[in-house]
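So this block is upload-v4.txt, compact mmCIF, C-alpha atoms and all ligand atoms:
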# COMPACT_ATOMS: atom_id res chain seq x y z
CA MET A 19 15.03 -4.91 7.14
CA THR A 20 13.29 -8.26 7.51
CA GLU A 21 13.18 -9.50 11.10
CA PRO A 22 14.14 -13.18 11.46
CA GLY A 23 11.00 -15.34 11.59
CA GLU A 24 8.75 -12.66 10.09
CA THR A 25 6.02 -14.17 7.94
CA THR A 26 3.51 -12.93 5.42
CA HIS A 27 0.93 -14.53 3.18
CA PHE A 28 1.36 -15.87 -0.31
CA GLY A 29 -2.28 -16.40 -1.26
CA TYR A 30 -3.68 -18.40 1.67
CA ARG A 31 -0.26 -19.79 2.69
CA ASP A 32 1.87 -18.27 5.42
CA VAL A 33 5.43 -17.96 4.14
CA PRO A 34 8.65 -16.35 5.44
CA LEU A 35 8.58 -12.68 4.40
CA GLN A 36 11.85 -13.00 2.49
CA ASP A 37 10.41 -15.87 0.37
CA LYS A 38 7.28 -14.12 -0.90
CA GLN A 39 8.96 -12.13 -3.69
CA THR A 40 10.58 -15.26 -5.17
CA LEU A 41 7.22 -17.05 -5.17
CA VAL A 42 5.51 -14.03 -6.79
CA ASN A 43 8.28 -13.82 -9.39
CA ASP A 44 7.77 -17.50 -10.27
CA VAL A 45 4.07 -16.78 -10.89
CA PHE A 46 4.74 -13.97 -13.35
CA HIS A 47 7.66 -15.72 -15.09
CA SER A 48 5.28 -18.61 -15.66
CA VAL A 49 2.38 -16.56 -17.08
CA ALA A 50 4.20 -13.65 -18.82
CA SER A 51 3.71 -14.76 -22.44
CA ARG A 52 -0.02 -15.34 -21.92
CA TYR A 53 -0.61 -12.62 -19.34
CA ASP A 54 -2.54 -10.20 -21.59
CA LEU A 55 -4.75 -12.88 -23.09
CA MET A 56 -5.52 -14.21 -19.59
CA ASN A 57 -6.56 -10.74 -18.42
CA ASP A 58 -9.19 -10.60 -21.14
CA LEU A 59 -10.41 -14.13 -20.48
CA MET A 60 -10.55 -13.78 -16.68
CA SER A 61 -12.28 -10.42 -16.64
CA GLY A 62 -14.42 -10.77 -19.79
CA GLY A 63 -12.59 -7.68 -21.09
CA MET A 64 -13.59 -5.63 -18.00
CA HIS A 65 -9.95 -4.89 -17.10
CA ARG A 66 -9.89 -2.56 -20.11
CA LEU A 67 -12.72 -0.46 -18.65
CA TRP A 68 -11.12 -0.38 -15.18
CA LYS A 69 -7.79 0.70 -16.66
CA ASP A 70 -9.48 3.36 -18.82
CA ALA A 71 -11.16 4.73 -15.68
CA MET A 72 -7.71 4.99 -14.09
CA ILE A 73 -6.42 6.94 -17.10
CA THR A 74 -9.45 9.27 -16.97
CA THR A 75 -8.61 10.04 -13.34
CA LEU A 76 -4.91 10.40 -14.16
CA ASN A 77 -5.88 12.94 -16.82
CA PRO A 78 -2.43 13.49 -18.37
CA PRO A 79 -1.97 16.81 -20.22
CA ARG A 80 -3.16 16.69 -23.84
CA ASP A 81 -0.70 19.37 -24.91
CA ASP A 82 3.12 19.70 -24.87
CA THR A 83 3.36 20.20 -21.10
CA PRO A 84 6.07 17.82 -19.80
CA PHE A 85 4.54 15.01 -17.76
CA ARG A 86 6.51 12.04 -16.37
CA LEU A 87 4.55 8.98 -15.25
CA LEU A 88 6.04 6.17 -13.18
CA ASP A 89 4.01 2.98 -13.69
CA VAL A 90 5.18 0.57 -11.00
CA ALA A 91 4.53 -3.18 -11.28
CA GLY A 92 3.63 -2.10 -14.80
CA GLY A 93 4.26 -5.57 -16.25
CA THR A 94 3.55 -5.65 -19.98
CA GLY A 95 2.86 -1.89 -20.09
CA ASP A 96 -0.93 -1.72 -20.40
CA ILE A 97 -1.43 1.34 -18.18
CA SER A 98 1.46 3.26 -19.72
CA PHE A 99 0.27 2.56 -23.28
CA ARG A 100 -3.24 3.75 -22.45
CA ALA A 101 -1.87 6.89 -20.76
CA ALA A 102 0.45 7.58 -23.73
CA LYS A 103 -2.48 7.36 -26.15
CA ALA A 104 -4.55 9.77 -24.05
CA ALA A 105 -1.70 12.26 -23.55
CA GLY A 106 -0.01 14.95 -25.59
CA ASN A 107 3.58 15.32 -26.80
CA GLY A 108 5.10 16.15 -23.41
CA PHE A 109 4.22 12.72 -22.00
CA HIS A 110 6.72 10.05 -21.02
CA ALA A 111 6.15 6.87 -18.99
CA THR A 112 8.58 4.58 -17.23
CA VAL A 113 7.30 1.07 -16.59
CA CYS A 114 9.10 -0.36 -13.57
CA ASP A 115 8.64 -4.05 -12.79
CA ILE A 116 10.64 -6.68 -10.94
CA ASN A 117 10.04 -9.32 -13.59
CA SER A 118 12.22 -9.36 -16.72
CA ASP A 119 9.84 -11.63 -18.66
CA MET A 120 6.87 -9.30 -18.16
CA LEU A 121 9.05 -6.33 -19.19
CA GLU A 122 10.26 -8.10 -22.32
CA VAL A 123 6.67 -8.71 -23.47
CA GLY A 124 6.02 -5.01 -22.77
CA ARG A 125 9.05 -3.85 -24.79
CA GLN A 126 7.88 -5.86 -27.81
CA ARG A 127 4.36 -4.44 -27.50
CA ALA A 128 5.78 -0.90 -27.32
CA VAL A 129 7.63 -1.39 -30.60
CA GLN A 130 4.57 -2.92 -32.29
CA ARG A 131 2.45 0.05 -31.19
CA HIS A 132 5.10 2.65 -32.13
CA LEU A 133 5.15 3.84 -28.53
CA ASP A 134 8.76 2.94 -27.73
CA ASP A 135 9.78 6.62 -27.75
CA LYS A 136 7.06 7.42 -25.17
CA VAL A 137 7.36 4.41 -22.86
CA ASP A 138 10.48 2.80 -21.48
CA PHE A 139 10.93 -0.28 -19.32
CA VAL A 140 13.13 -0.58 -16.24
CA GLU A 141 13.66 -3.60 -13.99
CA GLY A 142 13.22 -2.66 -10.34
CA ASN A 143 11.56 -3.34 -7.02
CA ALA A 144 8.61 -1.22 -5.83
CA GLU A 145 10.06 -1.40 -2.31
CA GLU A 146 13.33 0.24 -3.34
CA LEU A 147 12.98 2.45 -6.40
CA ALA A 148 16.16 3.54 -8.19
CA PHE A 149 14.78 7.00 -9.02
CA PRO A 150 15.60 10.36 -7.44
CA ASP A 151 13.31 12.09 -4.95
CA LYS A 152 10.49 14.22 -6.41
CA SER A 153 11.13 13.15 -10.00
CA PHE A 154 7.66 12.11 -11.30
CA ASP A 155 4.37 13.91 -12.00
CA ALA A 156 2.27 10.81 -11.25
CA TYR A 157 2.68 7.26 -9.93
CA THR A 158 0.38 4.44 -11.01
CA ILE A 159 0.26 0.84 -9.84
CA ALA A 160 -2.42 -1.45 -11.31
CA PHE A 161 -3.10 -4.93 -9.94
CA GLY A 162 0.44 -4.86 -8.61
CA ILE A 163 0.56 -3.77 -5.01
CA ARG A 164 -1.00 -6.88 -3.53
CA ASN A 165 1.96 -8.84 -4.90
CA VAL A 166 4.53 -6.68 -3.13
CA PRO A 167 5.70 -8.24 0.16
CA ARG A 168 6.15 -4.96 2.09
CA ILE A 169 3.37 -2.68 0.90
CA ASP A 170 4.26 0.00 3.46
CA LEU A 171 7.74 0.32 1.92
CA ALA A 172 6.30 0.54 -1.60
CA LEU A 173 3.94 3.34 -0.51
CA LYS A 174 6.79 5.27 1.12
CA GLU A 175 8.83 4.94 -2.06
CA ALA A 176 5.87 6.18 -4.12
CA TYR A 177 5.70 9.24 -1.90
CA ARG A 178 9.45 9.84 -2.14
CA VAL A 179 9.66 9.84 -5.95
CA LEU A 180 6.57 12.01 -6.53
CA LYS A 181 6.85 15.77 -6.99
CA PRO A 182 4.87 17.88 -4.52
CA GLY A 183 1.32 18.37 -5.79
CA SER A 184 1.29 15.14 -7.77
CA ARG A 185 -0.87 12.07 -7.62
CA PHE A 186 -0.64 8.45 -6.47
CA LEU A 187 -3.17 6.13 -8.12
CA CYS A 188 -3.62 2.46 -7.33
CA LEU A 189 -6.02 0.14 -9.12
CA GLU A 190 -6.54 -3.10 -7.23
CA PHE A 191 -9.04 -5.89 -6.78
CA SER A 192 -11.17 -5.17 -3.76
CA ALA A 193 -14.12 -6.55 -1.79
CA VAL A 194 -17.40 -7.27 -3.59
CA ASP A 195 -20.19 -5.54 -1.68
CA VAL A 196 -23.29 -6.48 -3.68
CA PRO A 197 -25.42 -9.30 -2.17
CA GLY A 198 -25.66 -12.18 -4.64
CA LEU A 199 -22.75 -10.95 -6.74
CA ASN A 200 -20.29 -12.10 -4.07
CA LYS A 201 -21.43 -15.75 -4.41
CA ILE A 202 -21.14 -15.71 -8.19
CA TYR A 203 -17.79 -13.93 -7.93
CA ASP A 204 -16.43 -16.51 -5.47
CA LEU A 205 -17.58 -19.38 -7.65
CA PHE A 206 -16.05 -17.82 -10.74
CA SER A 207 -12.81 -16.96 -8.91
CA PHE A 208 -12.14 -20.30 -7.30
CA LYS A 209 -13.61 -22.73 -9.84
CA VAL A 210 -13.35 -21.06 -13.23
CA ILE A 211 -10.23 -18.86 -13.13
CA PRO A 212 -7.71 -21.56 -12.09
CA GLU A 213 -9.23 -23.82 -14.75
CA ILE A 214 -8.84 -21.16 -17.48
CA GLY A 215 -5.27 -20.70 -16.20
CA ARG A 216 -4.62 -24.43 -16.53
CA VAL A 217 -5.95 -24.58 -20.11
CA VAL A 218 -4.32 -21.36 -21.38
CA THR A 219 -0.99 -21.27 -19.50
CA GLY A 220 -0.70 -24.85 -18.23
CA ASP A 221 -0.44 -23.36 -14.73
CA ALA A 222 -3.54 -23.48 -12.50
CA ASP A 223 -1.52 -22.84 -9.32
CA SER A 224 -0.47 -19.34 -10.38
CA TYR A 225 -4.08 -18.36 -10.91
CA GLN A 226 -5.11 -19.99 -7.64
CA TYR A 227 -2.52 -17.70 -6.00
CA LEU A 228 -3.91 -14.66 -7.83
CA VAL A 229 -7.49 -15.24 -6.63
CA GLU A 230 -6.36 -16.02 -3.08
CA SER A 231 -4.15 -12.91 -2.95
CA ILE A 232 -7.19 -10.77 -3.83
CA ARG A 233 -9.01 -12.10 -0.74
CA LYS A 234 -6.01 -11.36 1.49
CA PHE A 235 -5.58 -7.76 0.33
CA PRO A 236 -6.63 -5.11 2.91
CA LYS A 237 -10.19 -3.76 2.67
CA PRO A 238 -10.51 -0.29 1.06
CA TYR A 239 -10.74 1.62 4.33
CA ASP A 240 -7.64 -0.11 5.73
CA PHE A 241 -5.66 0.37 2.54
CA ALA A 242 -6.60 4.07 2.49
CA GLU A 243 -5.18 4.28 6.04
CA MET A 244 -1.91 2.78 4.80
CA ILE A 245 -1.78 5.36 1.99
CA SER A 246 -2.27 8.15 4.55
CA GLU A 247 0.40 6.65 6.83
CA ALA A 248 2.89 6.87 3.95
CA GLY A 249 2.35 10.64 3.99
CA PHE A 250 -0.28 11.12 1.29
CA HIS A 251 -3.13 13.57 1.73
CA ARG A 252 -6.75 13.08 0.74
CA ALA A 253 -6.45 9.29 0.56
CA ASN A 254 -9.65 8.18 -1.08
CA TRP A 255 -11.12 5.40 -3.20
CA GLN A 256 -13.80 4.73 -5.74
CA MET A 257 -15.41 1.30 -6.10
CA MET A 258 -16.06 -0.14 -9.54
CA SER A 259 -18.16 -3.07 -10.76
CA GLY A 260 -19.82 -3.72 -7.40
CA GLY A 261 -16.53 -3.65 -5.51
CA ILE A 262 -14.63 -6.12 -7.71
CA VAL A 263 -12.08 -3.35 -8.17
CA ALA A 264 -11.22 -0.13 -6.31
CA LEU A 265 -9.28 2.87 -7.56
CA HIS A 266 -7.34 4.40 -4.66
CA SER A 267 -5.78 7.81 -4.77
CA GLY A 268 -3.67 10.13 -2.68
CA ARG A 269 -1.81 13.38 -3.21
CA ARG A 270 1.65 14.43 -2.17
CA LEU A 271 1.46 18.01 -0.94
N1 LIG A 301 0.15 -3.36 -14.09
C1 LIG A 301 0.08 -4.42 -15.06
C2 LIG A 301 -1.34 -4.58 -15.54
O1 LIG A 301 -2.23 -3.98 -14.93
O2 LIG A 301 -1.57 -5.30 -16.52
C3 LIG A 301 0.64 -5.74 -14.51
C4 LIG A 301 0.00 -6.26 -13.26
S1 LIG A 301 0.52 -7.90 -12.83
C5 LIG A 301 -0.96 -8.59 -12.13
C6 LIG A 301 1.48 -7.65 -11.37
C7 LIG A 301 2.91 -7.24 -11.65
O3 LIG A 301 3.53 -6.90 -10.41
C8 LIG A 301 3.79 -8.32 -12.27
O4 LIG A 301 4.30 -7.88 -13.50
C9 LIG A 301 4.91 -8.52 -11.24
O5 LIG A 301 6.15 -8.84 -11.79
C10 LIG A 301 4.91 -7.17 -10.56
N2 LIG A 301 5.57 -7.15 -9.23
C11 LIG A 301 5.41 -8.03 -8.22
N3 LIG A 301 6.18 -7.67 -7.17
C12 LIG A 301 6.82 -6.52 -7.53
C13 LIG A 301 7.74 -5.67 -6.87
N4 LIG A 301 8.15 -5.91 -5.61
N5 LIG A 301 8.20 -4.58 -7.53
C14 LIG A 301 7.80 -4.33 -8.81
N6 LIG A 301 6.94 -5.11 -9.47
C15 LIG A 301 6.44 -6.19 -8.85

Show me, as structure tokens, the structure contained in the file I just sent.
Amino acid sequence: MTEPGETTHFGYRDVPLQDKQTLVNDVFHSVASRYDLMNDLMSGGMHRLWKDAMITTLNPPRDDTPFRLLDVAGGTGDISFRAAKAAGNGFHATVCDINSDMLEVGRQRAVQRHLDDKVDFVEGNAEELAFPDKSFDAYTIAFGIRNVPRIDLALKEAYRVLKPGSRFLCLEFSAVDVPGLNKIYDLFSFKVIPEIGRVVTGDADSYQYLVESIRKFPKPYDFAEMISEAGFHRANWQMMSGGIVALHSGRRL
């Protein structure tokens, strides 16, 4: 339940909690058709390496062992496609995202890649998943959780739908901790990324939001605490690329 007057942040703006999701949805409706191209341009292709590292940690079975992945805020399906390629015949992924435009791009990509029998796409909210308790062998969320208004609810839902013994993995932008790199990173984030967004998607504001939302996301230690509070054990994280990105994990016992 949202308390009357409760606020949160949308980038650097304070907004009523109930308005954040609509604003986030506008961002991804606006950029959906160019989302994958923008990821390559903004990260210089690095997002591919970060996502591959997530799949290495996920380590889906290479044989016929049944394995069901839930990829929340999965957008155009990148994580699920990578996992499907790494996995054996028992693998199946469900991409769950709140944005129909992102999902539609994902569905088309699945057909083009002949992965539509391995990956399906479901519209839904991370805060209120329409899946039964203990129904998945792993839960991934990549560059998604900072967009969710009530992160604590999303984490509780992740815990609920995971089978005992299975893994929660979250890839998210983090806090650069290398002296010198932080200045270059700030300059690139605030000057270059919104400009690339303007040229490629005609929408600089959406990319301004994306870089601001990264700065507002909890620091790794605090986010690990939130993961523990949701019930997960062994909440941990691994920094990548000087802290640009962190891979968080937790296990449901
Ligand atoms: N995981 C994909 C990737 O790594 O390429 C997409 C990440 S994209 C930056 C963030 C996604 O989060 C968008 O597709 C957006 O629609 C989705 N999203 C935002 N709020 C959500 C929510 N409450 N529930 C589910 N998805 C949400």

Rounded to one decimal in Å, what is the spacing between atom CA of Trp68 of chain A and atom CA of Val196 of chain A?
17.8 Å

Cut-off 7 Å, all atoms listed in the file, neighbours of ligand LIG 301 (chain A) as a list of chain:residue names:
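Using all atoms listed in the file, everything at most 7 Å from ligand LIG 301 (chain A) comes to A:Gln39, A:Val42, A:Asn43, A:Phe46, A:Val90, A:Ala91, A:Gly92, A:Gly93, A:Thr94, A:Gly95, A:Asp96, A:Ile97, A:Cys114, A:Asp115, A:Ile116, A:Asn117, A:Met120, A:Gly142, A:Asn143, A:Ala144, A:Glu145, A:Ile159, A:Ala160, A:Phe161, A:Gly162, A:Ile163, A:Asn165, A:Val166, A:Pro167.
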
Atom-to-atom span, atom CA of Asp135 of chain A and atom CA of Asp81 of chain A, Å
16.7 Å

Sort by chain and increasing residue number a table of all residues of segment 61-120 of chain A within 7 Å of segment 148-155 of chain A, each with its closest pair of atoms and their distance in Å to one decimal, counting all atoms listed in the file, and write it as a tab-separated table.
residue	atom	partner	partner_atom	distance
A:Phe85	CA	A:Asp155	CA	5.9
A:Arg86	CA	A:Phe154	CA	5.2
A:Leu87	CA	A:Asp155	CA	5.9
A:Leu88	CA	A:Phe154	CA	6.4

One-decimal distance in Å that lies between atom CA of Glu122 of chain A and atom CA of Val49 of chain A
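Interatomic distance here is 12.7 Å.
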
Nearest to Lys174 of chain A among A:Glu247, A:Asp204, A:Asp119, A:Asp240, with distances taken over all atoms listed in the file: which residue is it?
A:Glu247

Residue among A:Ile169, A:Leu147, A:Cys188, A:Leu55 lying closest to Leu76 of chain A, counting all atoms listed in the file
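Ranked by minimum distance to Leu76 of chain A, first place goes to A:Cys188.
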
Near Tyr177 of chain A, counting all atoms listed in the file, which residues have an atom at most 7 Å away, once you skip same-chain residues fewer than 5 positions from it, shown as a list in words?
Ala248, Gly249 and Arg270 of chain A

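Distances from A:Ile202, A:Leu265, A:Val113, A:Val179 to Thr75 of chain A were compared using all atoms listed in the file, and the smallest one belongs to A:Leu265.
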
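Nearest residue to Phe250 of chain A, choosing from A:Ala264, A:Leu173, A:Phe191, A:Glu230 and counting only C-alpha atoms: A:Leu173.
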
Which residue out of A:Gln126, A:Thr158, A:Ser184, A:Gln226 has the minimum interatomic distance to Tyr30 of chain A when only C-alpha atoms are used?
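So, comparing all the options, the nearest one is A:Gln226.
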
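Shortest atom-to-atom contact with Arg127 of chain A among A:Leu171, A:Pro22, A:Ser51, A:Asn107: A:Ser51, counting only C-alpha atoms.
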
What lies within 7 Å of Arg252 of chain A using only C-alpha atoms, ignoring chain neighbours under 2 positions off, as a count of residues only?
4

As a PDB file, in the coordinates of the input, could you write out segment 82-102 of chain A once it has been completed with N, CA, C and O atoms?
ATOM      1  N   ASP A  82       1.681  19.979 -24.928  1.00  0.00           N
ATOM      2  CA  ASP A  82       3.120  19.700 -24.870  1.00  0.00           C
ATOM      3  C   ASP A  82       3.705  19.802 -23.463  1.00  0.00           C
ATOM      4  O   ASP A  82       4.924  19.653 -23.291  1.00  0.00           O
ATOM      5  N   THR A  83       2.862  20.063 -22.476  1.00  0.00           N
ATOM      6  CA  THR A  83       3.360  20.200 -21.100  1.00  0.00           C
ATOM      7  C   THR A  83       4.105  18.925 -20.700  1.00  0.00           C
ATOM      8  O   THR A  83       3.553  17.819 -20.815  1.00  0.00           O
ATOM      9  N   PRO A  84       5.340  19.038 -20.217  1.00  0.00           N
ATOM     10  CA  PRO A  84       6.070  17.820 -19.800  1.00  0.00           C
ATOM     11  C   PRO A  84       5.338  17.110 -18.661  1.00  0.00           C
ATOM     12  O   PRO A  84       4.875  17.758 -17.722  1.00  0.00           O
ATOM     13  N   PHE A  85       5.244  15.802 -18.776  1.00  0.00           N
ATOM     14  CA  PHE A  85       4.540  15.010 -17.760  1.00  0.00           C
ATOM     15  C   PHE A  85       5.209  13.648 -17.701  1.00  0.00           C
ATOM     16  O   PHE A  85       5.217  12.906 -18.684  1.00  0.00           O
ATOM     17  N   ARG A  86       5.795  13.323 -16.518  1.00  0.00           N
ATOM     18  CA  ARG A  86       6.510  12.040 -16.370  1.00  0.00           C
ATOM     19  C   ARG A  86       5.718  11.114 -15.455  1.00  0.00           C
ATOM     20  O   ARG A  86       5.501  11.419 -14.278  1.00  0.00           O
ATOM     21  N   LEU A  87       5.297   9.990 -16.020  1.00  0.00           N
ATOM     22  CA  LEU A  87       4.550   8.980 -15.250  1.00  0.00           C
ATOM     23  C   LEU A  87       5.481   7.841 -14.861  1.00  0.00           C
ATOM     24  O   LEU A  87       6.247   7.359 -15.692  1.00  0.00           O
ATOM     25  N   LEU A  88       5.378   7.411 -13.600  1.00  0.00           N
ATOM     26  CA  LEU A  88       6.040   6.170 -13.180  1.00  0.00           C
ATOM     27  C   LEU A  88       4.957   5.119 -12.964  1.00  0.00           C
ATOM     28  O   LEU A  88       4.078   5.302 -12.109  1.00  0.00           O
ATOM     29  N   ASP A  89       5.011   4.057 -13.753  1.00  0.00           N
ATOM     30  CA  ASP A  89       4.010   2.980 -13.690  1.00  0.00           C
ATOM     31  C   ASP A  89       4.664   1.759 -13.054  1.00  0.00           C
ATOM     32  O   ASP A  89       5.340   0.983 -13.731  1.00  0.00           O
ATOM     33  N   VAL A  90       4.475   1.620 -11.748  1.00  0.00           N
ATOM     34  CA  VAL A  90       5.180   0.570 -11.000  1.00  0.00           C
ATOM     35  C   VAL A  90       4.386  -0.744 -11.053  1.00  0.00           C
ATOM     36  O   VAL A  90       3.154  -0.722 -11.107  1.00  0.00           O
ATOM     37  N   ALA A  91       5.126  -1.851 -11.056  1.00  0.00           N
ATOM     38  CA  ALA A  91       4.530  -3.180 -11.280  1.00  0.00           C
ATOM     39  C   ALA A  91       3.752  -3.124 -12.596  1.00  0.00           C
ATOM     40  O   ALA A  91       2.680  -3.706 -12.732  1.00  0.00           O
ATOM     41  N   GLY A  92       4.318  -2.403 -13.533  1.00  0.00           N
ATOM     42  CA  GLY A  92       3.630  -2.100 -14.800  1.00  0.00           C
ATOM     43  C   GLY A  92       3.613  -3.254 -15.776  1.00  0.00           C
ATOM     44  O   GLY A  92       2.947  -3.171 -16.814  1.00  0.00           O
ATOM     45  N   GLY A  93       4.344  -4.328 -15.474  1.00  0.00           N
ATOM     46  CA  GLY A  93       4.260  -5.570 -16.250  1.00  0.00           C
ATOM     47  C   GLY A  93       4.465  -5.353 -17.745  1.00  0.00           C
ATOM     48  O   GLY A  93       5.504  -4.856 -18.198  1.00  0.00           O
ATOM     49  N   THR A  94       3.446  -5.694 -18.524  1.00  0.00           N
ATOM     50  CA  THR A  94       3.550  -5.650 -19.980  1.00  0.00           C
ATOM     51  C   THR A  94       3.151  -4.273 -20.536  1.00  0.00           C
ATOM     52  O   THR A  94       2.965  -4.127 -21.742  1.00  0.00           O
ATOM     53  N   GLY A  95       2.963  -3.286 -19.660  1.00  0.00           N
ATOM     54  CA  GLY A  95       2.860  -1.890 -20.090  1.00  0.00           C
ATOM     55  C   GLY A  95       1.472  -1.342 -20.362  1.00  0.00           C
ATOM     56  O   GLY A  95       1.333  -0.203 -20.828  1.00  0.00           O
ATOM     57  N   ASP A  96       0.436  -2.122 -20.038  1.00  0.00           N
ATOM     58  CA  ASP A  96      -0.930  -1.720 -20.400  1.00  0.00           C
ATOM     59  C   ASP A  96      -1.300  -0.306 -19.955  1.00  0.00           C
ATOM     60  O   ASP A  96      -1.849   0.473 -20.739  1.00  0.00           O
ATOM     61  N   ILE A  97      -1.027   0.018 -18.699  1.00  0.00           N
ATOM     62  CA  ILE A  97      -1.430   1.340 -18.180  1.00  0.00           C
ATOM     63  C   ILE A  97      -0.661   2.441 -18.898  1.00  0.00           C
ATOM     64  O   ILE A  97      -1.242   3.445 -19.333  1.00  0.00           O
ATOM     65  N   SER A  98       0.634   2.229 -19.079  1.00  0.00           N
ATOM     66  CA  SER A  98       1.460   3.260 -19.720  1.00  0.00           C
ATOM     67  C   SER A  98       1.037   3.478 -21.170  1.00  0.00           C
ATOM     68  O   SER A  98       1.008   4.617 -21.649  1.00  0.00           O
ATOM     69  N   PHE A  99       0.701   2.403 -21.880  1.00  0.00           N
ATOM     70  CA  PHE A  99       0.270   2.560 -23.280  1.00  0.00           C
ATOM     71  C   PHE A  99      -1.040   3.357 -23.343  1.00  0.00           C
ATOM     72  O   PHE A  99      -1.212   4.239 -24.176  1.00  0.00           O
ATOM     73  N   ARG A 100      -1.959   3.032 -22.448  1.00  0.00           N
ATOM     74  CA  ARG A 100      -3.240   3.750 -22.450  1.00  0.00           C
ATOM     75  C   ARG A 100      -3.032   5.232 -22.127  1.00  0.00           C
ATOM     76  O   ARG A 100      -3.642   6.108 -22.732  1.00  0.00           O
ATOM     77  N   ALA A 101      -2.144   5.492 -21.141  1.00  0.00           N
ATOM     78  CA  ALA A 101      -1.870   6.890 -20.760  1.00  0.00           C
ATOM     79  C   ALA A 101      -1.204   7.617 -21.932  1.00  0.00           C
ATOM     80  O   ALA A 101      -1.552   8.761 -22.245  1.00  0.00           O
ATOM     81  N   ALA A 102      -0.261   6.942 -22.605  1.00  0.00           N
ATOM     82  CA  ALA A 102       0.450   7.580 -23.730  1.00  0.00           C
ATOM     83  C   ALA A 102      -0.525   7.950 -24.844  1.00  0.00           C
ATOM     84  O   ALA A 102      -0.396   9.007 -25.465  1.00  0.00           O
TER      85      ALA A 102
END
